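**Student:** Next comes the structure file target-v9.pdb, holding PDB, C-alpha atoms, pLDDT in the B column.
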ATOM      1  CA  MET A   1     -18.804   1.394  -3.253  1.00 58.00           C
ATOM      2  CA  SER A   2     -16.228   3.772  -4.742  1.00 71.00           C
ATOM      3  CA  ASP A   3     -16.897   5.324  -8.154  1.00 90.00           C
ATOM      4  CA  ALA A   4     -14.593   4.610 -11.074  1.00 96.00           C
ATOM      5  CA  PHE A   5     -12.341   7.479 -12.167  1.00 97.00           C
ATOM      6  CA  SER A   6     -12.231   8.783 -15.705  1.00 96.00           C
ATOM      7  CA  ARG A   7      -9.101   8.182 -17.781  1.00 95.00           C
ATOM      8  CA  THR A   8      -8.066  11.817 -17.260  1.00 95.00           C
ATOM      9  CA  GLU A   9      -8.493  11.548 -13.509  1.00 96.00           C
ATOM     10  CA  ILE A  10      -6.471   8.333 -13.411  1.00 97.00           C
ATOM     11  CA  THR A  11      -3.588   9.868 -15.410  1.00 95.00           C
ATOM     12  CA  LYS A  12      -3.591  12.888 -13.118  1.00 96.00           C
ATOM     13  CA  ARG A  13      -3.614  10.845  -9.924  1.00 95.00           C
ATOM     14  CA  LEU A  14      -0.873   8.504 -11.145  1.00 96.00           C
ATOM     15  CA  HIS A  15       1.554  11.457 -11.037  1.00 94.00           C
ATOM     16  CA  ASP A  16       1.752  10.897  -7.293  1.00 90.00           C
ATOM     17  CA  LEU A  17       2.217   7.132  -7.606  1.00 96.00           C
ATOM     18  CA  VAL A  18       5.808   6.369  -8.547  1.00 95.00           C
ATOM     19  CA  GLY A  19       6.180   3.492 -11.012  1.00 97.00           C
ATOM     20  CA  TRP A  20       2.508   2.752 -11.669  1.00 98.00           C
ATOM     21  CA  GLN A  21       1.153   2.678 -15.206  1.00 97.00           C
ATOM     22  CA  PHE A  22      -2.412   2.620 -16.503  1.00 97.00           C
ATOM     23  CA  ASP A  23      -2.896   0.114 -19.327  1.00 95.00           C
ATOM     24  CA  GLY A  24      -6.428   1.230 -20.222  1.00 94.00           C
ATOM     25  CA  LYS A  25      -7.968  -1.144 -17.722  1.00 96.00           C
ATOM     26  CA  GLN A  26      -5.777  -1.772 -14.698  1.00 97.00           C
ATOM     27  CA  ILE A  27      -2.985   0.130 -13.008  1.00 98.00           C
ATOM     28  CA  ALA A  28       0.178  -1.903 -12.577  1.00 98.00           C
ATOM     29  CA  ARG A  29       3.737  -1.679 -11.335  1.00 98.00           C
ATOM     30  CA  GLU A  30       6.687  -4.004 -11.808  1.00 98.00           C
ATOM     31  CA  PHE A  31       9.076  -4.455  -8.883  1.00 98.00           C
ATOM     32  CA  LYS A  32      12.563  -5.957  -9.185  1.00 98.00           C
ATOM     33  CA  LEU A  33      13.811  -7.836  -6.145  1.00 97.00           C
ATOM     34  CA  GLU A  34      17.148  -9.509  -5.467  1.00 97.00           C
ATOM     35  CA  ASP A  35      16.038 -13.062  -6.204  1.00 98.00           C
ATOM     36  CA  PHE A  36      13.039 -15.416  -6.114  1.00 98.00           C
ATOM     37  CA  LYS A  37      13.125 -15.736  -2.336  1.00 97.00           C
ATOM     38  CA  GLN A  38      12.999 -11.963  -1.864  1.00 97.00           C
ATOM     39  CA  ALA A  39      10.235 -11.725  -4.464  1.00 98.00           C
ATOM     40  CA  VAL A  40       8.083 -14.200  -2.525  1.00 98.00           C
ATOM     41  CA  ARG A  41       8.856 -12.376   0.724  1.00 98.00           C
ATOM     42  CA  PHE A  42       7.683  -9.140  -0.909  1.00 98.00           C
ATOM     43  CA  VAL A  43       4.486 -10.835  -2.114  1.00 98.00           C
ATOM     44  CA  ASN A  44       3.743 -11.831   1.472  1.00 98.00           C
ATOM     45  CA  ARG A  45       4.066  -8.214   2.558  1.00 98.00           C
ATOM     46  CA  ILE A  46       1.764  -7.135  -0.271  1.00 98.00           C
ATOM     47  CA  ALA A  47      -0.686  -9.843   0.803  1.00 98.00           C
ATOM     48  CA  LEU A  48      -0.800  -8.504   4.372  1.00 98.00           C
ATOM     49  CA  THR A  49      -1.538  -5.012   3.066  1.00 98.00           C
ATOM     50  CA  ALA A  50      -4.203  -6.401   0.725  1.00 98.00           C
ATOM     51  CA  GLU A  51      -5.891  -8.217   3.613  1.00 97.00           C
ATOM     52  CA  GLN A  52      -5.793  -5.072   5.752  1.00 97.00           C
ATOM     53  CA  LEU A  53      -7.476  -3.039   2.996  1.00 97.00           C
ATOM     54  CA  ASN A  54      -9.682  -5.976   1.969  1.00 97.00           C
ATOM     55  CA  HIS A  55      -8.678  -5.249  -1.630  1.00 97.00           C
ATOM     56  CA  HIS A  56      -6.699  -7.849  -3.557  1.00 97.00           C
ATOM     57  CA  PRO A  57      -4.367  -7.163  -6.461  1.00 98.00           C
ATOM     58  CA  ASP A  58      -3.333  -9.667  -9.111  1.00 98.00           C
ATOM     59  CA  ILE A  59       0.297 -10.612  -8.471  1.00 98.00           C
ATOM     60  CA  LEU A  60       2.667 -12.206 -10.963  1.00 98.00           C
ATOM     61  CA  ILE A  61       6.013 -13.612  -9.774  1.00 98.00           C
ATOM     62  CA  GLN A  62       8.684 -14.217 -12.420  1.00 98.00           C
ATOM     63  CA  TYR A  63      11.849 -15.162 -10.563  1.00 98.00           C
ATOM     64  CA  ASN A  64      12.965 -11.816  -9.041  1.00 98.00           C
ATOM     65  CA  LYS A  65      10.253  -9.727 -10.744  1.00 98.00           C
ATOM     66  CA  VAL A  66       6.859  -9.043  -9.151  1.00 98.00           C
ATOM     67  CA  THR A  67       4.132  -7.389 -11.212  1.00 98.00           C
ATOM     68  CA  VAL A  68       1.191  -6.054  -9.223  1.00 98.00           C
ATOM     69  CA  SER A  69      -2.058  -5.158 -11.021  1.00 98.00           C
ATOM     70  CA  VAL A  70      -4.911  -3.361  -9.345  1.00 98.00           C
ATOM     71  CA  PHE A  71      -8.526  -2.933 -10.446  1.00 97.00           C
ATOM     72  CA  THR A  72     -11.934  -2.614  -8.783  1.00 97.00           C
ATOM     73  CA  HIS A  73     -14.203  -5.344 -10.139  1.00 94.00           C
ATOM     74  CA  SER A  74     -17.345  -3.994  -8.442  1.00 94.00           C
ATOM     75  CA  ALA A  75     -16.893  -0.601 -10.176  1.00 96.00           C
ATOM     76  CA  ASN A  76     -15.425  -2.091 -13.363  1.00 96.00           C
ATOM     77  CA  GLY A  77     -12.679   0.544 -13.238  1.00 97.00           C
ATOM     78  CA  ILE A  78     -10.046   2.292 -11.154  1.00 98.00           C
ATOM     79  CA  THR A  79     -11.281   3.713  -7.857  1.00 97.00           C
ATOM     80  CA  GLN A  80      -9.837   5.357  -4.757  1.00 96.00           C
ATOM     81  CA  LYS A  81      -9.443   1.861  -3.260  1.00 97.00           C
ATOM     82  CA  ASP A  82      -6.966   1.018  -6.033  1.00 98.00           C
ATOM     83  CA  LEU A  83      -4.953   4.180  -5.486  1.00 97.00           C
ATOM     84  CA  ASP A  84      -4.885   3.563  -1.724  1.00 97.00           C
ATOM     85  CA  LEU A  85      -3.635   0.014  -2.256  1.00 98.00           C
ATOM     86  CA  ALA A  86      -0.987   1.106  -4.796  1.00 98.00           C
ATOM     87  CA  PHE A  87       0.183   3.841  -2.429  1.00 97.00           C
ATOM     88  CA  LYS A  88       0.522   1.390   0.467  1.00 97.00           C
ATOM     89  CA  ILE A  89       2.404  -1.101  -1.725  1.00 98.00           C
ATOM     90  CA  ASN A  90       4.820   1.644  -2.762  1.00 97.00           C
ATOM     91  CA  GLY A  91       5.323   2.306   0.944  1.00 96.00           C
ATOM     92  CA  LEU A  92       6.659  -1.245   1.332  1.00 96.00           C
ATOM     93  CA  VAL A  93       9.647  -0.541  -0.888  1.00 92.00           C
ATOM     94  CA  ASP A  94      10.383   3.167  -0.501  1.00 65.00           C
TER      95      ASP A  94
ATOM     96  CA  MET B   1      21.718 -29.323 -18.305  1.00 58.00           C
ATOM     97  CA  SER B   2      18.582 -31.286 -19.175  1.00 71.00           C
ATOM     98  CA  ASP B   3      17.565 -31.606 -22.818  1.00 90.00           C
ATOM     99  CA  ALA B   4      14.272 -30.191 -24.016  1.00 96.00           C
ATOM    100  CA  PHE B   5      11.564 -32.746 -24.833  1.00 97.00           C
ATOM    101  CA  SER B   6       9.793 -32.862 -28.181  1.00 96.00           C
ATOM    102  CA  ARG B   7       6.128 -31.888 -28.346  1.00 95.00           C
ATOM    103  CA  THR B   8       5.167 -35.568 -28.604  1.00 95.00           C
ATOM    104  CA  GLU B   9       7.231 -36.462 -25.554  1.00 96.00           C
ATOM    105  CA  ILE B  10       5.694 -33.611 -23.558  1.00 97.00           C
ATOM    106  CA  THR B  11       2.132 -34.654 -24.451  1.00 95.00           C
ATOM    107  CA  LYS B  12       2.928 -38.235 -23.488  1.00 96.00           C
ATOM    108  CA  ARG B  13       4.509 -37.301 -20.171  1.00 95.00           C
ATOM    109  CA  LEU B  14       1.675 -34.923 -19.236  1.00 96.00           C
ATOM    110  CA  HIS B  15      -0.650 -37.929 -19.014  1.00 94.00           C
ATOM    111  CA  ASP B  16       0.860 -38.618 -15.603  1.00 90.00           C
ATOM    112  CA  LEU B  17       0.586 -34.991 -14.475  1.00 96.00           C
ATOM    113  CA  VAL B  18      -2.986 -34.262 -13.433  1.00 95.00           C
ATOM    114  CA  GLY B  19      -4.191 -30.790 -14.418  1.00 97.00           C
ATOM    115  CA  TRP B  20      -1.140 -29.595 -16.371  1.00 98.00           C
ATOM    116  CA  GLN B  21      -1.499 -28.302 -19.922  1.00 97.00           C
ATOM    117  CA  PHE B  22       1.131 -27.548 -22.552  1.00 97.00           C
ATOM    118  CA  ASP B  23       0.497 -24.242 -24.353  1.00 95.00           C
ATOM    119  CA  GLY B  24       3.189 -24.751 -27.006  1.00 94.00           C
ATOM    120  CA  LYS B  25       5.855 -23.176 -24.834  1.00 96.00           C
ATOM    121  CA  GLN B  26       5.261 -23.718 -21.128  1.00 97.00           C
ATOM    122  CA  ILE B  27       3.366 -26.262 -19.085  1.00 98.00           C
ATOM    123  CA  ALA B  28       0.887 -24.715 -16.677  1.00 98.00           C
ATOM    124  CA  ARG B  29      -1.772 -25.609 -14.139  1.00 98.00           C
ATOM    125  CA  GLU B  30      -4.439 -23.498 -12.486  1.00 98.00           C
ATOM    126  CA  PHE B  31      -5.247 -24.172  -8.838  1.00 98.00           C
ATOM    127  CA  LYS B  32      -8.387 -22.922  -7.073  1.00 98.00           C
ATOM    128  CA  LEU B  33      -8.003 -22.188  -3.371  1.00 97.00           C
ATOM    129  CA  GLU B  34     -10.553 -21.085  -0.803  1.00 97.00           C
ATOM    130  CA  ASP B  35      -9.617 -17.401  -0.794  1.00 98.00           C
ATOM    131  CA  PHE B  36      -6.711 -14.976  -1.294  1.00 98.00           C
ATOM    132  CA  LYS B  37      -5.102 -15.877   2.021  1.00 97.00           C
ATOM    133  CA  GLN B  38      -5.073 -19.586   1.162  1.00 97.00           C
ATOM    134  CA  ALA B  39      -3.766 -18.779  -2.320  1.00 98.00           C
ATOM    135  CA  VAL B  40      -0.799 -16.892  -0.849  1.00 98.00           C
ATOM    136  CA  ARG B  41      -0.204 -19.713   1.629  1.00 98.00           C
ATOM    137  CA  PHE B  42      -0.125 -22.160  -1.274  1.00 98.00           C
ATOM    138  CA  VAL B  43       2.327 -19.926  -3.157  1.00 98.00           C
ATOM    139  CA  ASN B  44       4.658 -20.068  -0.157  1.00 98.00           C
ATOM    140  CA  ARG B  45       4.574 -23.853  -0.262  1.00 98.00           C
ATOM    141  CA  ILE B  46       5.303 -23.803  -4.003  1.00 98.00           C
ATOM    142  CA  ALA B  47       8.188 -21.392  -3.318  1.00 98.00           C
ATOM    143  CA  LEU B  48       9.758 -23.768  -0.796  1.00 98.00           C
ATOM    144  CA  THR B  49       9.567 -26.599  -3.325  1.00 98.00           C
ATOM    145  CA  ALA B  50      11.030 -24.363  -6.020  1.00 98.00           C
ATOM    146  CA  GLU B  51      13.945 -23.417  -3.761  1.00 97.00           C
ATOM    147  CA  GLN B  52      14.567 -27.080  -2.925  1.00 97.00           C
ATOM    148  CA  LEU B  53      14.705 -27.993  -6.621  1.00 97.00           C
ATOM    149  CA  ASN B  54      16.433 -24.725  -7.542  1.00 97.00           C
ATOM    150  CA  HIS B  55      13.894 -24.349 -10.332  1.00 97.00           C
ATOM    151  CA  HIS B  56      11.476 -21.427 -10.262  1.00 97.00           C
ATOM    152  CA  PRO B  57       8.052 -21.326 -11.880  1.00 98.00           C
ATOM    153  CA  ASP B  58       6.138 -18.223 -12.856  1.00 98.00           C
ATOM    154  CA  ILE B  59       3.252 -17.805 -10.423  1.00 98.00           C
ATOM    155  CA  LEU B  60       0.146 -15.687 -10.948  1.00 98.00           C
ATOM    156  CA  ILE B  61      -2.195 -14.990  -8.040  1.00 98.00           C
ATOM    157  CA  GLN B  62      -5.716 -13.782  -8.887  1.00 98.00           C
ATOM    158  CA  TYR B  63      -7.648 -13.713  -5.629  1.00 98.00           C
ATOM    159  CA  ASN B  64      -8.224 -17.436  -4.919  1.00 98.00           C
ATOM    160  CA  LYS B  65      -6.715 -18.681  -8.205  1.00 98.00           C
ATOM    161  CA  VAL B  66      -3.036 -19.572  -8.588  1.00 98.00           C
ATOM    162  CA  THR B  67      -1.643 -20.277 -12.053  1.00 98.00           C
ATOM    163  CA  VAL B  68       1.769 -21.938 -12.098  1.00 98.00           C
ATOM    164  CA  SER B  69       3.813 -21.963 -15.336  1.00 98.00           C
ATOM    165  CA  VAL B  70       6.982 -23.969 -15.756  1.00 98.00           C
ATOM    166  CA  PHE B  71       9.697 -23.738 -18.423  1.00 97.00           C
ATOM    167  CA  THR B  72      13.452 -24.306 -18.627  1.00 97.00           C
ATOM    168  CA  HIS B  73      15.085 -21.118 -19.912  1.00 94.00           C
ATOM    169  CA  SER B  74      18.539 -22.691 -20.319  1.00 94.00           C
ATOM    170  CA  ALA B  75      17.121 -25.376 -22.624  1.00 96.00           C
ATOM    171  CA  ASN B  76      14.489 -23.085 -24.169  1.00 96.00           C
ATOM    172  CA  GLY B  77      11.915 -25.825 -23.684  1.00 97.00           C
ATOM    173  CA  ILE B  78      10.337 -28.341 -21.334  1.00 98.00           C
ATOM    174  CA  THR B  79      12.804 -30.629 -19.560  1.00 97.00           C
ATOM    175  CA  GLN B  80      12.754 -33.282 -16.856  1.00 96.00           C
ATOM    176  CA  LYS B  81      13.323 -30.479 -14.309  1.00 97.00           C
ATOM    177  CA  ASP B  82       9.959 -28.992 -15.272  1.00 98.00           C
ATOM    178  CA  LEU B  83       8.152 -32.305 -14.924  1.00 97.00           C
ATOM    179  CA  ASP B  84       9.813 -32.928 -11.543  1.00 97.00           C
ATOM    180  CA  LEU B  85       8.712 -29.503 -10.310  1.00 98.00           C
ATOM    181  CA  ALA B  86       5.153 -29.934 -11.625  1.00 98.00           C
ATOM    182  CA  PHE B  87       4.952 -33.368 -10.000  1.00 97.00           C
ATOM    183  CA  LYS B  88       6.098 -31.990  -6.635  1.00 97.00           C
ATOM    184  CA  ILE B  89       3.641 -29.087  -6.847  1.00 98.00           C
ATOM    185  CA  ASN B  90       0.807 -31.564  -7.517  1.00 97.00           C
ATOM    186  CA  GLY B  91       1.969 -33.385  -4.395  1.00 96.00           C
ATOM    187  CA  LEU B  92       1.215 -30.248  -2.368  1.00 96.00           C
ATOM    188  CA  VAL B  93      -2.497 -30.445  -3.139  1.00 92.00           C
ATOM    189  CA  ASP B  94      -3.272 -34.127  -3.649  1.00 65.00           C
TER     190      ASP B  94
END
Once you've parsed the file, please lay out its structure as structure tokens.
**Tutor:**
Amino acid sequence: MSDAFSRTEITKRLHDLVGWQFDGKQIAREFKLEDFKQAVRFVNRIALTAEQLNHHPDILIQYNKVTVSVFTHSANGITQKDLDLAFKINGLVD
Amino acid sequence: MSDAFSRTEITKRLHDLVGWQFDGKQIAREFKLEDFKQAVRFVNRIALTAEQLNHHPDILIQYNKVTVSVFTHSANGITQKDLDLAFKINGLVD
């Protein structure tokens, strides 16, 4: 099991993760797609990545907007697994 | 454009819509699937229905839980379009 990072560590590590914000509990990023169809397509790509890493983000679809929230329940905090997942998800759009 | 229903009308019409609740703004239902993979599969089926009706719900995936929220922005309320979509989504699981 990964250990949870401190708030300071999270803030520091987020510098390398374009678009992700820490809300005090989770780290999250909002993605804007072209339309609903593209948003759902993007969610499927996120889902594949999540299955590969065996780590599953919360995903909210609002028409062309996809908000991805990441958290490690077993550590009750943000761990390396979350950063790895966020990094891979960024790789899907960059 | 469909007209928005009154609160009384919504409550009455929800009797025929198993599992859907009105929160004062949207109508929503939570679906429990087997796992994340099945949840994403279900979201794809909802998306197809949404495209067919050209009416797009908000969809939240939390591991095996899918929460679908429906609202008509153009009418700023709940309309027949919302009930039709909710009914079709129920048809995907019943």
**Student:** Quick one: which residues from chain A are at most 8 Å off chain B, using all atoms listed in the file, as a list in words?
**Tutor:**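 Here is what falls inside 8 Å: Phe36, Lys37, Val40, Asn44, Ala47, Glu51, His56, Pro57, Asp58, Ile59, Leu60, Ile61, Gln62 and Tyr63 of chain A.
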**Student:** Show which residues sit within 9 Å of segment 7-10 of chain A, as a list in words. Count all atoms listed in the file, and ignore same-chain residues fewer than 2 positions away.
**Tutor:** Phe5, Lys12, Arg13, Leu14, His15, Phe22, Gly24, Ile27, Ile78 and Thr79 of chain A
**Student:** Rounded to one decimal, what separation in Å do you get between atom CA of Val70 of chain B and atom CA of Val70 of chain A?
**Tutor:** 24.6 Å
**Student:** Write out as a list of chain:residue names which residues come within 12 Å of Asn90 of chain B when counting all atoms listed in the file, dropping same-chain ones fewer than 6 positions away.
**Tutor:**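 Those residues are B:Asp16, B:Leu17, B:Val18, B:Gly19, B:Trp20, B:Ala28, B:Arg29, B:Glu30, B:Phe31, B:Phe42, B:Arg45, B:Ile46, B:Thr49, B:Val68, B:Leu83, B:Asp84.
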**Student:** Could you check how far atom CA of Lys32 of chain B sits from atom CA of Val93 of chain A, in Å to one decimal?
**Tutor:**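 Computed distance, atom CA of Lys32 of chain B to atom CA of Val93 of chain A, equals 29.4 Å.
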**Student:** For Lys88 of chain B, which residue out of B:Leu53, B:Lys25, B:Thr11, B:Leu33 is the nearest one, using only C-alpha atoms?
**Tutor:** B:Leu53
**Student:** Record the distance separating atom CA of Asn54 of chain B and atom CA of Phe71 of chain B, expressed in Å with one decimal.
**Tutor:** 12.8 Å
**Student:** Using the chain letters and numbers from this file, what does the PyMOL selection byres ((chain B and resi 74) around 12) select? Give the answer as a list in words.
**Tutor:**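 Against this file, the PyMOL selection byres ((chain B and resi 74) around 12) returns the residues Met1, Ser2, Asp3, Ala4, His55, Phe71, Thr72, His73, Ala75, Asn76, Gly77, Ile78, Thr79, Lys81 and Asp82 of chain B.
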**Student:** Could you give me the axis-aligned bounding box of segment 37-52 of chain B, with 3 Å of padding per side, as centre plus edge lengths in Å to one decimal, as AutoDock Vina command-line options?
**Tutor:**
--center_x 4.7 --center_y -21.5 --center_z -2.0 --size_x 25.7 --size_y 17.2 --size_z 14.0
